[in-house]
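Listing of input_34.cif; format and content: mmCIF, C-alpha atoms.
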```cif
data_coords
#
loop_
_atom_site.label_atom_id
_atom_site.label_comp_id
_atom_site.auth_asym_id
_atom_site.auth_seq_id
_atom_site.Cartn_x
_atom_site.Cartn_y
_atom_site.Cartn_z
CA MET A 433 25.30 65.30 -193.28
CA VAL A 434 28.79 63.86 -192.78
CA ASN A 435 28.08 63.25 -189.09
CA ARG A 436 24.73 61.63 -189.90
CA ASN A 437 26.34 59.21 -192.35
CA ALA A 438 29.06 58.43 -189.80
CA ALA A 439 26.42 57.90 -187.11
CA GLU A 440 24.58 55.42 -189.36
CA LYS A 441 27.81 53.49 -189.97
CA ALA A 442 28.58 53.50 -186.23
CA LEU A 443 25.06 52.29 -185.47
CA ASN A 444 25.36 49.41 -187.95
CA LEU A 445 28.78 48.48 -186.55
CA ILE A 446 27.55 48.33 -182.95
CA ARG A 447 24.46 46.34 -183.97
CA SER A 448 26.61 43.81 -185.82
CA ARG A 449 28.77 43.45 -182.69
CA LEU A 450 25.71 42.83 -180.53
CA CYS A 451 24.60 40.07 -182.91
CA ASN A 452 27.99 38.35 -182.70
CA PRO A 453 28.36 36.33 -179.44
CA ASN A 454 32.02 35.59 -180.20
CA PHE A 455 32.82 39.31 -180.27
CA ILE A 456 30.92 39.97 -177.04
CA PHE A 457 32.59 37.23 -174.99
CA ARG A 458 36.12 37.82 -176.29
CA PRO A 459 37.16 40.30 -173.52
CA LEU A 460 36.02 37.83 -170.84
CA CYS A 461 38.41 35.17 -172.16
CA ASP A 462 41.75 36.92 -171.55
CA SER A 463 42.42 35.55 -168.08
CA PRO A 464 44.06 32.11 -167.69
CA ASP A 465 41.51 31.46 -164.93
CA SER A 466 38.54 32.13 -167.21
CA ASN A 467 36.13 29.37 -168.18
CA TYR A 468 37.24 29.88 -171.77
CA SER A 469 40.85 29.00 -170.91
CA LYS A 470 39.84 25.99 -168.80
CA LEU A 471 37.47 24.61 -171.42
CA LYS A 472 39.99 25.18 -174.20
CA PHE A 473 42.62 23.24 -172.23
CA ILE A 474 40.23 20.31 -171.74
CA VAL A 475 39.25 20.10 -175.42
CA SER A 476 42.76 20.77 -176.76
CA SER A 477 44.20 17.99 -174.57
CA SER A 478 41.91 15.55 -176.35
CA VAL A 479 43.14 16.88 -179.69
CA THR A 480 46.87 16.86 -178.93
CA GLU A 481 47.14 13.89 -176.55
CA ALA A 482 44.57 11.62 -178.26
CA CYS A 483 42.52 11.07 -175.11
CA ASN A 484 38.89 11.30 -174.01
CA ASN A 485 37.52 14.01 -171.72
CA SER A 486 34.19 14.94 -170.18
CA VAL A 487 33.01 18.18 -168.57
CA LEU A 488 29.81 19.90 -167.46
CA LEU A 489 29.11 23.59 -168.12
CA LEU A 490 26.75 24.78 -165.40
CA GLY A 491 25.20 28.17 -164.72
CA PRO A 492 22.07 30.30 -165.08
CA ARG A 493 20.60 30.90 -168.52
CA GLY A 494 22.17 33.77 -170.42
CA THR A 495 25.62 33.53 -168.82
CA GLY A 496 27.36 32.39 -172.02
CA LYS A 497 27.86 28.63 -171.63
CA VAL A 498 27.14 27.79 -175.28
CA ALA A 499 28.72 31.01 -176.58
CA VAL A 500 32.04 30.27 -174.82
CA LEU A 501 31.93 26.68 -176.09
CA GLU A 502 31.45 27.91 -179.67
CA LEU A 503 34.32 30.36 -179.22
CA VAL A 504 36.62 27.58 -177.95
CA LEU A 505 35.80 25.27 -180.87
CA GLU A 506 36.24 28.07 -183.39
CA ASP A 507 39.68 28.97 -182.01
CA LEU A 508 40.77 25.32 -181.86
CA LEU A 509 39.74 24.81 -185.46
CA LEU A 510 42.14 27.58 -186.43
CA GLU A 511 44.93 26.05 -184.34
CA TYR A 512 44.38 22.40 -185.32
CA PRO A 513 42.57 22.44 -188.69
CA ASP A 514 43.55 18.83 -189.51
CA MET A 515 42.88 17.23 -186.14
CA ILE A 516 39.27 18.20 -185.40
CA THR A 517 36.47 16.47 -187.27
CA LEU A 518 35.21 18.88 -189.93
CA SER A 519 31.95 19.26 -191.76
CA GLY A 520 31.67 21.80 -194.50
CA GLY A 521 34.60 23.83 -193.22
CA VAL A 522 33.32 24.26 -189.63
CA VAL A 523 33.94 22.35 -186.41
CA PHE A 524 31.76 19.24 -186.44
CA GLN A 525 29.87 18.59 -183.28
CA ILE A 526 27.33 15.93 -182.46
CA ARG A 527 24.66 18.05 -180.85
CA LEU A 528 21.75 16.80 -178.79
CA ASN A 529 19.12 18.75 -176.88
CA GLY A 530 17.31 17.35 -173.87
CA LEU A 531 14.08 19.00 -174.95
CA LEU A 532 14.14 16.98 -178.20
CA HIS A 533 16.20 13.88 -177.46
CA SER A 534 15.58 12.98 -173.81
CA ASP A 535 14.35 9.56 -174.96
CA ASP A 536 17.39 7.26 -175.13
CA ASN A 537 16.39 5.59 -178.40
CA SER A 538 15.76 8.85 -180.26
CA ALA A 539 18.98 10.37 -178.88
CA LEU A 540 21.19 7.48 -180.02
CA LYS A 541 19.41 7.47 -183.38
CA GLU A 542 20.19 11.19 -183.74
CA ILE A 543 23.88 10.52 -182.97
CA ALA A 544 23.94 7.83 -185.68
CA ARG A 545 22.21 10.17 -188.12
CA GLN A 546 24.73 12.99 -187.57
CA LEU A 547 27.65 10.56 -187.90
CA CYS A 548 26.21 9.27 -191.18
CA VAL A 549 25.78 12.80 -192.53
CA GLU A 550 29.35 13.69 -191.53
CA HIS A 551 30.90 10.63 -193.18
CA GLN A 552 28.46 10.45 -196.12
CA LEU A 553 27.00 7.09 -195.08
CA VAL A 554 23.46 5.74 -195.48
CA PHE A 555 21.40 6.22 -192.34
CA SER A 556 18.92 3.51 -191.38
CA LYS A 557 15.80 4.68 -189.56
CA MET A 558 14.93 1.11 -188.66
CA ALA A 559 18.14 0.41 -186.69
CA SER A 560 17.65 -0.63 -183.06
CA PHE A 561 19.26 0.91 -179.98
CA ASP A 562 21.93 -1.82 -179.93
CA ASP A 563 22.63 -1.40 -183.66
CA ASN A 564 23.10 2.35 -183.29
CA SER A 565 25.26 1.81 -180.19
CA GLU A 566 27.56 -0.58 -182.07
CA PHE A 567 27.72 1.83 -185.01
CA MET A 568 28.68 4.72 -182.68
CA ILE A 569 31.45 2.64 -181.07
CA ALA A 570 32.80 1.65 -184.49
CA MET A 571 32.80 5.26 -185.71
CA LEU A 572 34.55 6.49 -182.55
CA ARG A 573 37.23 3.83 -183.10
CA GLU A 574 37.70 4.89 -186.73
CA CYS A 575 37.92 8.57 -185.79
CA GLY A 576 40.51 7.72 -183.14
CA LEU A 577 42.63 5.81 -185.63
CA ALA A 578 42.43 8.78 -188.00
CA HIS A 579 43.41 11.18 -185.14
CA LYS A 580 40.11 13.04 -185.43
CA THR A 581 38.41 14.51 -182.36
CA VAL A 582 34.63 14.21 -182.02
CA VAL A 583 32.82 16.63 -179.71
CA PHE A 584 29.51 15.54 -178.15
CA VAL A 585 27.45 18.50 -176.89
CA LEU A 586 24.37 17.68 -174.78
CA ASP A 587 22.32 20.82 -174.19
CA GLU A 588 19.73 20.74 -171.36
CA PHE A 589 21.87 17.97 -169.91
CA ASP A 590 19.71 17.49 -166.81
CA LEU A 591 16.83 16.20 -168.98
CA PHE A 592 19.04 13.32 -170.15
CA THR A 593 19.33 12.12 -166.55
CA GLN A 594 15.65 11.19 -166.40
CA GLY A 595 14.84 7.53 -166.80
CA LYS A 596 17.46 4.77 -166.95
CA GLN A 597 20.24 6.95 -168.44
CA ARG A 598 21.06 4.29 -171.06
CA LEU A 599 22.34 6.91 -173.51
CA LEU A 600 24.75 8.50 -171.02
CA TYR A 601 26.04 5.09 -169.96
CA ALA A 602 26.47 3.91 -173.57
CA LEU A 603 28.26 7.11 -174.58
CA LEU A 604 30.64 7.36 -171.62
CA ASP A 605 31.29 3.62 -171.61
CA ALA A 606 32.15 3.72 -175.33
CA MET A 607 34.61 6.55 -174.69
CA GLN A 608 36.36 4.40 -172.07
CA SER A 609 36.40 1.10 -173.91
CA VAL A 610 37.66 2.13 -177.37
CA THR A 611 40.69 4.02 -178.63
CA SER A 612 39.06 7.31 -179.55
CA GLN A 613 39.46 11.07 -179.30
CA ALA A 614 36.16 12.35 -177.98
CA VAL A 615 34.98 15.13 -175.69
CA PHE A 616 31.69 14.83 -173.81
CA ILE A 617 30.27 18.27 -172.89
CA GLY A 618 27.03 18.63 -170.94
CA VAL A 619 25.35 22.04 -170.70
CA SER A 620 22.77 22.72 -168.00
CA CYS A 621 21.28 25.53 -165.95
CA ARG A 622 20.94 23.18 -162.98
CA LEU A 623 23.93 23.49 -160.67
CA ASP A 624 23.32 20.03 -159.24
CA ALA A 625 23.20 18.28 -162.63
CA ASP A 626 26.11 15.98 -161.78
CA GLN A 627 24.27 14.74 -158.68
CA LEU A 628 21.46 13.43 -160.89
CA LEU A 629 23.72 10.82 -162.49
CA GLU A 630 23.36 7.14 -161.62
CA LYS A 631 26.29 5.45 -159.90
CA ARG A 632 27.34 3.48 -163.00
CA VAL A 633 27.29 6.67 -165.12
CA LYS A 634 29.00 8.78 -162.46
CA SER A 635 31.86 6.29 -162.25
CA ARG A 636 32.63 6.89 -165.94
CA PHE A 637 32.40 10.68 -165.73
CA SER A 638 35.47 12.81 -165.04
CA HIS A 639 33.60 15.05 -162.53
CA ARG A 640 34.94 18.21 -164.15
CA LYS A 641 32.57 21.16 -163.79
CA LEU A 642 32.84 24.75 -164.99
CA LEU A 643 30.55 27.22 -163.24
CA PHE A 644 29.34 30.19 -165.30
CA LEU A 645 28.21 33.20 -163.25
CA PRO A 646 26.74 36.56 -164.29
CA PRO A 647 29.47 39.15 -164.96
CA SER A 648 30.62 41.42 -162.15
CA GLU A 649 30.22 45.20 -162.30
CA GLU A 650 33.81 45.58 -163.46
CA GLU A 651 33.21 43.06 -166.26
CA ILE A 652 30.00 44.87 -167.22
CA TYR A 653 31.96 48.10 -167.80
CA ARG A 654 34.61 46.19 -169.76
CA LEU A 655 31.89 44.77 -171.98
CA LEU A 656 30.29 48.19 -172.43
CA ASP A 657 33.59 49.70 -173.51
CA HIS A 658 34.38 46.72 -175.76
CA VAL A 659 31.02 46.76 -177.55
CA LEU A 660 30.26 50.48 -177.77
CA SER A 661 33.67 52.09 -178.40
CA LEU A 662 34.36 52.83 -182.07
CA PRO A 663 37.67 51.84 -183.74
CA VAL A 664 39.73 54.91 -184.65
CA ASP A 665 41.53 53.12 -187.50
CA SER A 666 38.46 52.10 -189.52
CA ASN A 667 36.47 53.60 -192.38
CA LEU A 668 34.71 55.88 -189.88
CA PRO A 669 35.96 59.51 -189.77
CA HIS A 670 38.79 59.67 -187.25
CA ASP A 671 37.54 62.86 -185.57
CA TYR A 672 34.01 61.47 -185.25
CA ALA A 673 35.25 58.21 -183.67
CA MET A 674 37.44 60.10 -181.19
CA GLU A 675 34.56 62.43 -180.21
CA PHE A 676 32.11 59.50 -179.91
CA ASN A 677 34.48 57.57 -177.62
CA ALA A 678 35.27 60.62 -175.50
CA LYS A 679 31.57 61.33 -174.86
CA LEU A 680 30.94 57.66 -174.17
CA HIS A 681 33.70 57.42 -171.53
CA SER A 682 32.53 60.70 -170.00
CA MET A 683 29.04 59.23 -169.66
CA PHE A 684 30.47 56.06 -168.05
CA SER A 685 31.87 58.19 -165.22
CA ASP A 686 28.56 60.03 -164.72
CA GLU A 687 26.85 59.18 -161.44
CA ARG A 688 23.43 58.97 -163.17
CA PHE A 689 24.76 56.34 -165.59
CA ARG A 690 26.25 54.37 -162.70
CA GLN A 691 22.83 54.33 -161.07
CA ILE A 692 21.38 52.84 -164.25
CA ILE A 693 24.04 50.11 -164.24
CA ASP A 694 23.32 49.45 -160.55
CA SER A 695 19.65 49.12 -161.43
CA PHE A 696 20.55 46.68 -164.21
CA MET A 697 22.74 44.66 -161.84
CA ASN A 698 19.82 44.36 -159.41
CA PHE A 699 17.46 43.30 -162.21
CA SER A 700 19.19 40.49 -164.11
CA PRO A 701 22.92 40.99 -164.77
CA THR A 702 23.38 38.19 -167.33
CA VAL A 703 25.18 38.79 -170.62
CA ARG A 704 21.99 37.96 -172.52
CA HIS A 705 20.08 40.74 -170.75
CA LEU A 706 23.02 43.10 -171.18
CA VAL A 707 22.88 42.57 -174.96
CA LYS A 708 19.11 43.27 -174.93
CA PHE A 709 19.72 46.38 -172.83
CA LEU A 710 22.40 47.71 -175.19
CA PHE A 711 20.37 46.87 -178.29
CA ARG A 712 17.46 48.93 -176.98
CA ALA A 713 19.76 51.82 -176.06
CA VAL A 714 21.50 51.81 -179.45
CA SER A 715 18.19 51.57 -181.31
CA ASP A 716 17.05 54.80 -179.61
CA MET A 717 20.18 56.70 -180.65
CA ASP A 718 19.37 60.02 -182.34
CA LEU A 719 21.25 60.18 -185.65
CA LYS A 720 21.07 63.99 -185.63
CA LEU A 721 22.97 64.11 -182.33
CA SER A 722 25.25 61.34 -183.73
CA ASN A 723 26.12 60.13 -180.20
CA LEU A 724 24.68 57.87 -177.54
CA SER A 725 23.04 59.87 -174.78
CA PHE A 726 22.12 59.23 -171.17
CA GLU A 727 18.42 59.27 -172.16
CA ASN A 728 18.97 56.32 -174.51
CA PHE A 729 20.14 54.13 -171.63
CA LYS A 730 17.47 55.46 -169.28
CA SER A 731 14.65 54.51 -171.67
CA ALA A 732 16.34 51.14 -172.33
CA ILE A 733 16.44 50.17 -168.66
CA SER A 734 12.82 51.28 -168.23
CA SER A 735 11.64 49.09 -171.11
CA LEU A 736 13.77 46.18 -169.89
CA GLN A 737 12.31 46.37 -166.40
CA ARG A 738 8.68 46.42 -167.46
CA GLN A 739 6.47 45.01 -164.74
CA PRO A 740 2.96 44.06 -165.93
CA LYS A 741 1.61 43.94 -162.38
CA MET A 742 2.80 47.48 -161.72
CA GLU A 743 1.08 48.63 -164.90
CA CYS A 744 -2.12 46.93 -163.74
CA LEU A 745 -1.87 48.76 -160.41
CA ARG A 746 -1.60 52.12 -162.18
CA ASP A 747 -4.91 51.40 -163.94
CA CYS A 748 -6.78 50.34 -160.79
CA SER A 749 -9.62 52.40 -159.36
CA ILE A 750 -9.44 53.87 -155.85
CA LEU A 751 -11.81 51.19 -154.55
CA GLU A 752 -9.66 48.41 -156.04
CA LEU A 753 -6.62 49.94 -154.33
CA TYR A 754 -8.50 49.90 -151.01
CA ILE A 755 -9.28 46.20 -151.45
CA LEU A 756 -5.63 45.38 -152.20
CA VAL A 757 -4.46 47.34 -149.15
CA CYS A 758 -7.01 45.54 -146.97
CA MET A 759 -5.71 42.18 -148.19
CA LYS A 760 -2.16 43.27 -147.46
CA ARG A 761 -3.15 44.29 -143.91
CA LEU A 762 -4.79 40.91 -143.36
CA GLU A 763 -1.61 39.12 -144.44
CA VAL A 764 0.47 41.33 -142.14
CA LYS A 765 -1.83 40.18 -139.31
CA GLU A 766 -0.77 36.63 -140.29
CA GLN A 767 -4.18 35.62 -141.54
CA ASN A 768 -2.98 33.00 -144.00
CA SER A 769 -6.49 32.22 -145.18
CA TYR A 770 -9.13 34.90 -145.68
CA SER A 771 -12.11 35.50 -147.96
CA PHE A 772 -13.81 38.49 -149.51
CA SER A 773 -16.02 38.74 -146.41
CA ALA A 774 -12.91 39.21 -144.24
CA VAL A 775 -11.64 41.84 -146.67
CA MET A 776 -14.93 43.73 -146.33
CA LYS A 777 -14.64 43.70 -142.52
CA GLU A 778 -11.13 45.17 -142.80
CA TYR A 779 -12.42 47.76 -145.31
CA LYS A 780 -15.18 48.80 -142.87
CA SER A 781 -12.73 49.04 -139.97
CA ILE A 782 -10.51 51.41 -142.00
CA HIS A 783 -13.52 53.57 -142.83
CA ASP A 784 -14.64 53.67 -139.20
CA SER A 785 -11.13 54.49 -137.95
CA PHE A 786 -10.25 57.23 -140.45
CA GLN A 787 -13.72 58.37 -141.60
CA THR A 788 -12.75 58.17 -145.26
CA SER A 789 -15.04 59.49 -147.98
CA ASP A 790 -14.32 56.46 -150.23
CA TYR A 791 -16.89 54.02 -148.87
CA TYR A 792 -19.02 51.82 -151.12
CA SER A 793 -21.65 49.13 -150.74
CA GLN A 794 -20.75 45.44 -150.64
CA ASP A 795 -22.16 44.82 -154.15
CA VAL A 796 -19.95 47.53 -155.65
CA CYS A 797 -16.93 46.20 -153.75
CA LEU A 798 -17.64 42.67 -155.02
CA ARG A 799 -17.59 43.88 -158.63
CA ALA A 800 -14.27 45.68 -157.97
CA PHE A 801 -12.94 42.50 -156.33
CA GLU A 802 -13.92 40.42 -159.38
CA HIS A 803 -12.17 42.98 -161.58
CA ILE A 804 -8.82 42.61 -159.79
CA LEU A 805 -9.29 38.85 -159.95
CA GLN A 806 -9.49 39.15 -163.75
CA ARG A 807 -6.38 41.35 -163.78
CA GLY A 808 -4.37 38.62 -162.06
CA LEU A 809 -3.49 40.70 -158.99
CA VAL A 810 -5.43 38.30 -156.74
CA CYS A 811 -6.31 34.63 -157.04
CA PHE A 812 -8.29 31.99 -155.18
CA ALA A 813 -6.28 29.88 -152.77
CA ASP A 814 -8.36 26.71 -153.25
CA GLY A 815 -9.32 24.55 -156.22
CA ARG A 816 -13.06 24.25 -155.66
CA GLY A 817 -14.00 26.03 -158.89
CA ARG A 818 -17.57 27.37 -158.94
CA ILE A 819 -18.94 25.14 -156.19
CA GLN A 820 -18.57 27.83 -153.51
CA SER A 821 -19.69 31.45 -153.76
CA THR A 822 -16.99 34.05 -154.56
CA GLU A 823 -17.55 35.89 -151.26
CA PHE A 824 -16.56 32.88 -149.15
CA ARG A 825 -13.68 31.33 -151.12
CA PRO A 826 -10.19 31.89 -149.63
CA VAL A 827 -8.05 34.30 -151.66
CA LYS A 828 -4.45 35.53 -151.69
CA LEU A 829 -2.42 38.41 -153.11
CA LEU A 830 -0.23 37.79 -156.16
CA ILE A 831 1.90 40.91 -155.69
CA SER A 832 4.53 41.57 -153.06
CA PHE A 833 4.20 44.27 -150.42
CA ALA A 834 7.04 46.22 -152.05
CA GLU A 835 5.28 46.13 -155.44
CA LEU A 836 2.03 47.29 -153.84
CA SER A 837 3.73 50.21 -152.07
CA GLN A 838 5.55 51.23 -155.24
CA GLY A 839 2.35 50.97 -157.27
CA LEU A 840 0.45 53.15 -154.81
CA LYS A 841 3.17 55.83 -155.02
CA ALA A 842 3.04 55.75 -158.82
CA HIS A 843 -0.78 55.99 -158.94
CA HIS A 844 -1.72 59.61 -159.69
CA LEU A 845 -5.04 59.47 -157.76
CA CYS A 846 -4.02 57.36 -154.78
CA PRO A 847 -5.19 58.90 -151.47
CA ALA A 848 -2.48 59.68 -148.93
CA ILE A 849 -4.20 57.52 -146.33
CA LEU A 850 -3.72 54.41 -148.52
CA GLN A 851 0.01 55.06 -148.88
CA LYS A 852 0.21 55.44 -145.10
CA LEU A 853 -1.71 52.19 -144.50
CA ALA A 854 0.46 50.25 -146.97
CA ALA A 855 3.76 51.56 -145.57
#
```
Translate the structure described by the file into structure tokens.
Amino acid sequence: MVNRNAAEKALNLIRSRLCNPNFIFRPLCDSPDSNYSKLKFIVSSSVTEACNNSVLLLGPRGTGKVAVLELVLEDLLLEYPDMITLSGGVVFQIRLNGLLHSDDNSALKEIARQLCVEHQLVFSKMASFDDNSEFMIAMLRECGLAHKTVVFVLDEFDLFTQGKQRLLYALLDAMQSVTSQAVFIGVSCRLDADQLLEKRVKSRFSHRKLLFLPPSEEEIYRLLDHVLSLPVDSNLPHDYAMEFNAKLHSMFSDERFRQIIDSFMNFSPTVRHLVKFLFRAVSDMDLKLSNLSFENFKSAISSLQRQPKMECLRDCSILELYILVCMKRLEVKEQNSYSFSAVMKEYKSIHDSFQTSDYYSQDVCLRAFEHILQRGLVCFADGRGRIQSTEFRPVKLLISFAELSQGLKAHHLCPAILQKLAA
């Protein structure tokens, strides 16, 4: 019973860590060359030296761009509590999102609204673009005189570059023309986001870029140890925490566990997917065993790597598998355009060559073909709709050759000849 109670506490602790991005990214911020250190230097220089800065955070989704930014602002608030604009005890940021505010008028209106809320002013919905621009410039000047730093965060930054880019020009131009302390931070998953800027906007941008990449294998293991290891000086029983950590580190050195991590690295090694992976593994933890097991991580990686097309292949009939293999053989022969009639010719040639027992009439094959069309494994290659008969419309496979081969191996009734033909 004691171990079960300790296991429940450990489970709740690990779950709370997984829900806290600041805790997760902390071990990746130790190096002076980390993006955390570089971004903190840029923002802190605006705070301490009363200057303006601009930077772009670029990288794939799930690599921690926003999480690292939040961590930097949180740490700076503790270091300079009187020099960063506050709102309700937290770091005040003017936040915009390209999905919501890509229109220049609505974006500048949202900036004015957030400034009014921060400084307890009356916001006018009827103000024009020029009125809001003048108000923003005046507020930046006042914040600069009061030695307050304002942080502009533009998420989905690449969407703001569409159109005439009036907002970006007004914002960057205001930061250059008034005495203010402001930081302009654009966040985007497009690595070429800075190349989308107009010449007049680009001339006012500092051209600083921080590239966020998925963690390396070494960083993955550091994160695993950081998130899953239990503290020995907490309210958890000391002996239980020591035993839990010892079994965890022993599992890390197991070759089977390393294969799971390799599989994860090949799938999608972002921090976001790592958190999902660990959450699934922890949720499967058996409280009676009171420890994380290899099976927990094995089931987690299986659920994370679910492939709907592979599941559809496992439910296909033998005839449907034959049709898919025939289509694959036609594509290998570099027939870029083929119809159901061509598939039937290939099907007949296989039967004649190998004298297979699985041979059906054209009407039965057509019904099987329509079934795999409905499953989304095959689609028409033209846009003629119902004008042309199904038998004569060009079609194409929607699964790769590797997926087809793997699906045939996993199918419990797949004939050996099909696996040979698809190899």
Which residues come within 12 Å of Ile474 of chain A, counting all atoms listed in the file, excluding same-chain residues fewer than 5 positions away, as a ChimeraX atom specification?
-> /A:467-469,479-488,501,504-505,508,583,613-617,638,640-642
Result set, the PyMOL selection byres ((chain A and resi 490-493) around 6) on current file, as an NGL selection string = :A and (489 or 494-495 or 620-621 or 623 or 643-644)
Residue contacts of segment 749-763 of chain A (6 Å, all atoms listed in the file) excluding same-chain residues fewer than 3 positions away, as a tab-separated table (two decimals) with C-alpha atoms, in the coordinates of the input:
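To be explicit, this is the file written out as selection.tsv:
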```
chain	number	residue	atom	x	y	z
A	766	GLU	CA	-0.77	36.63	-140.29
A	767	GLN	CA	-4.18	35.62	-141.54
A	775	VAL	CA	-11.64	41.84	-146.67
A	778	GLU	CA	-11.13	45.17	-142.80
A	800	ALA	CA	-14.27	45.68	-157.97
```
Residue members of the PyMOL selection byres ((chain A and resi 715) around 12) in the file shown, as a PyMOL selection string | chain A and resi 439-440+442-444+446-447+450+707-714+716-719+723-725+727-729+731-732
Hits of the PyMOL selection byres ((chain A and resi 525) around 6) in this structure, as a list of chain:residue names =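 Output from the PyMOL selection byres ((chain A and resi 525) around 6), applied to this file: A:Phe524, A:Ile526, A:Arg527, A:Val583, A:Phe584.
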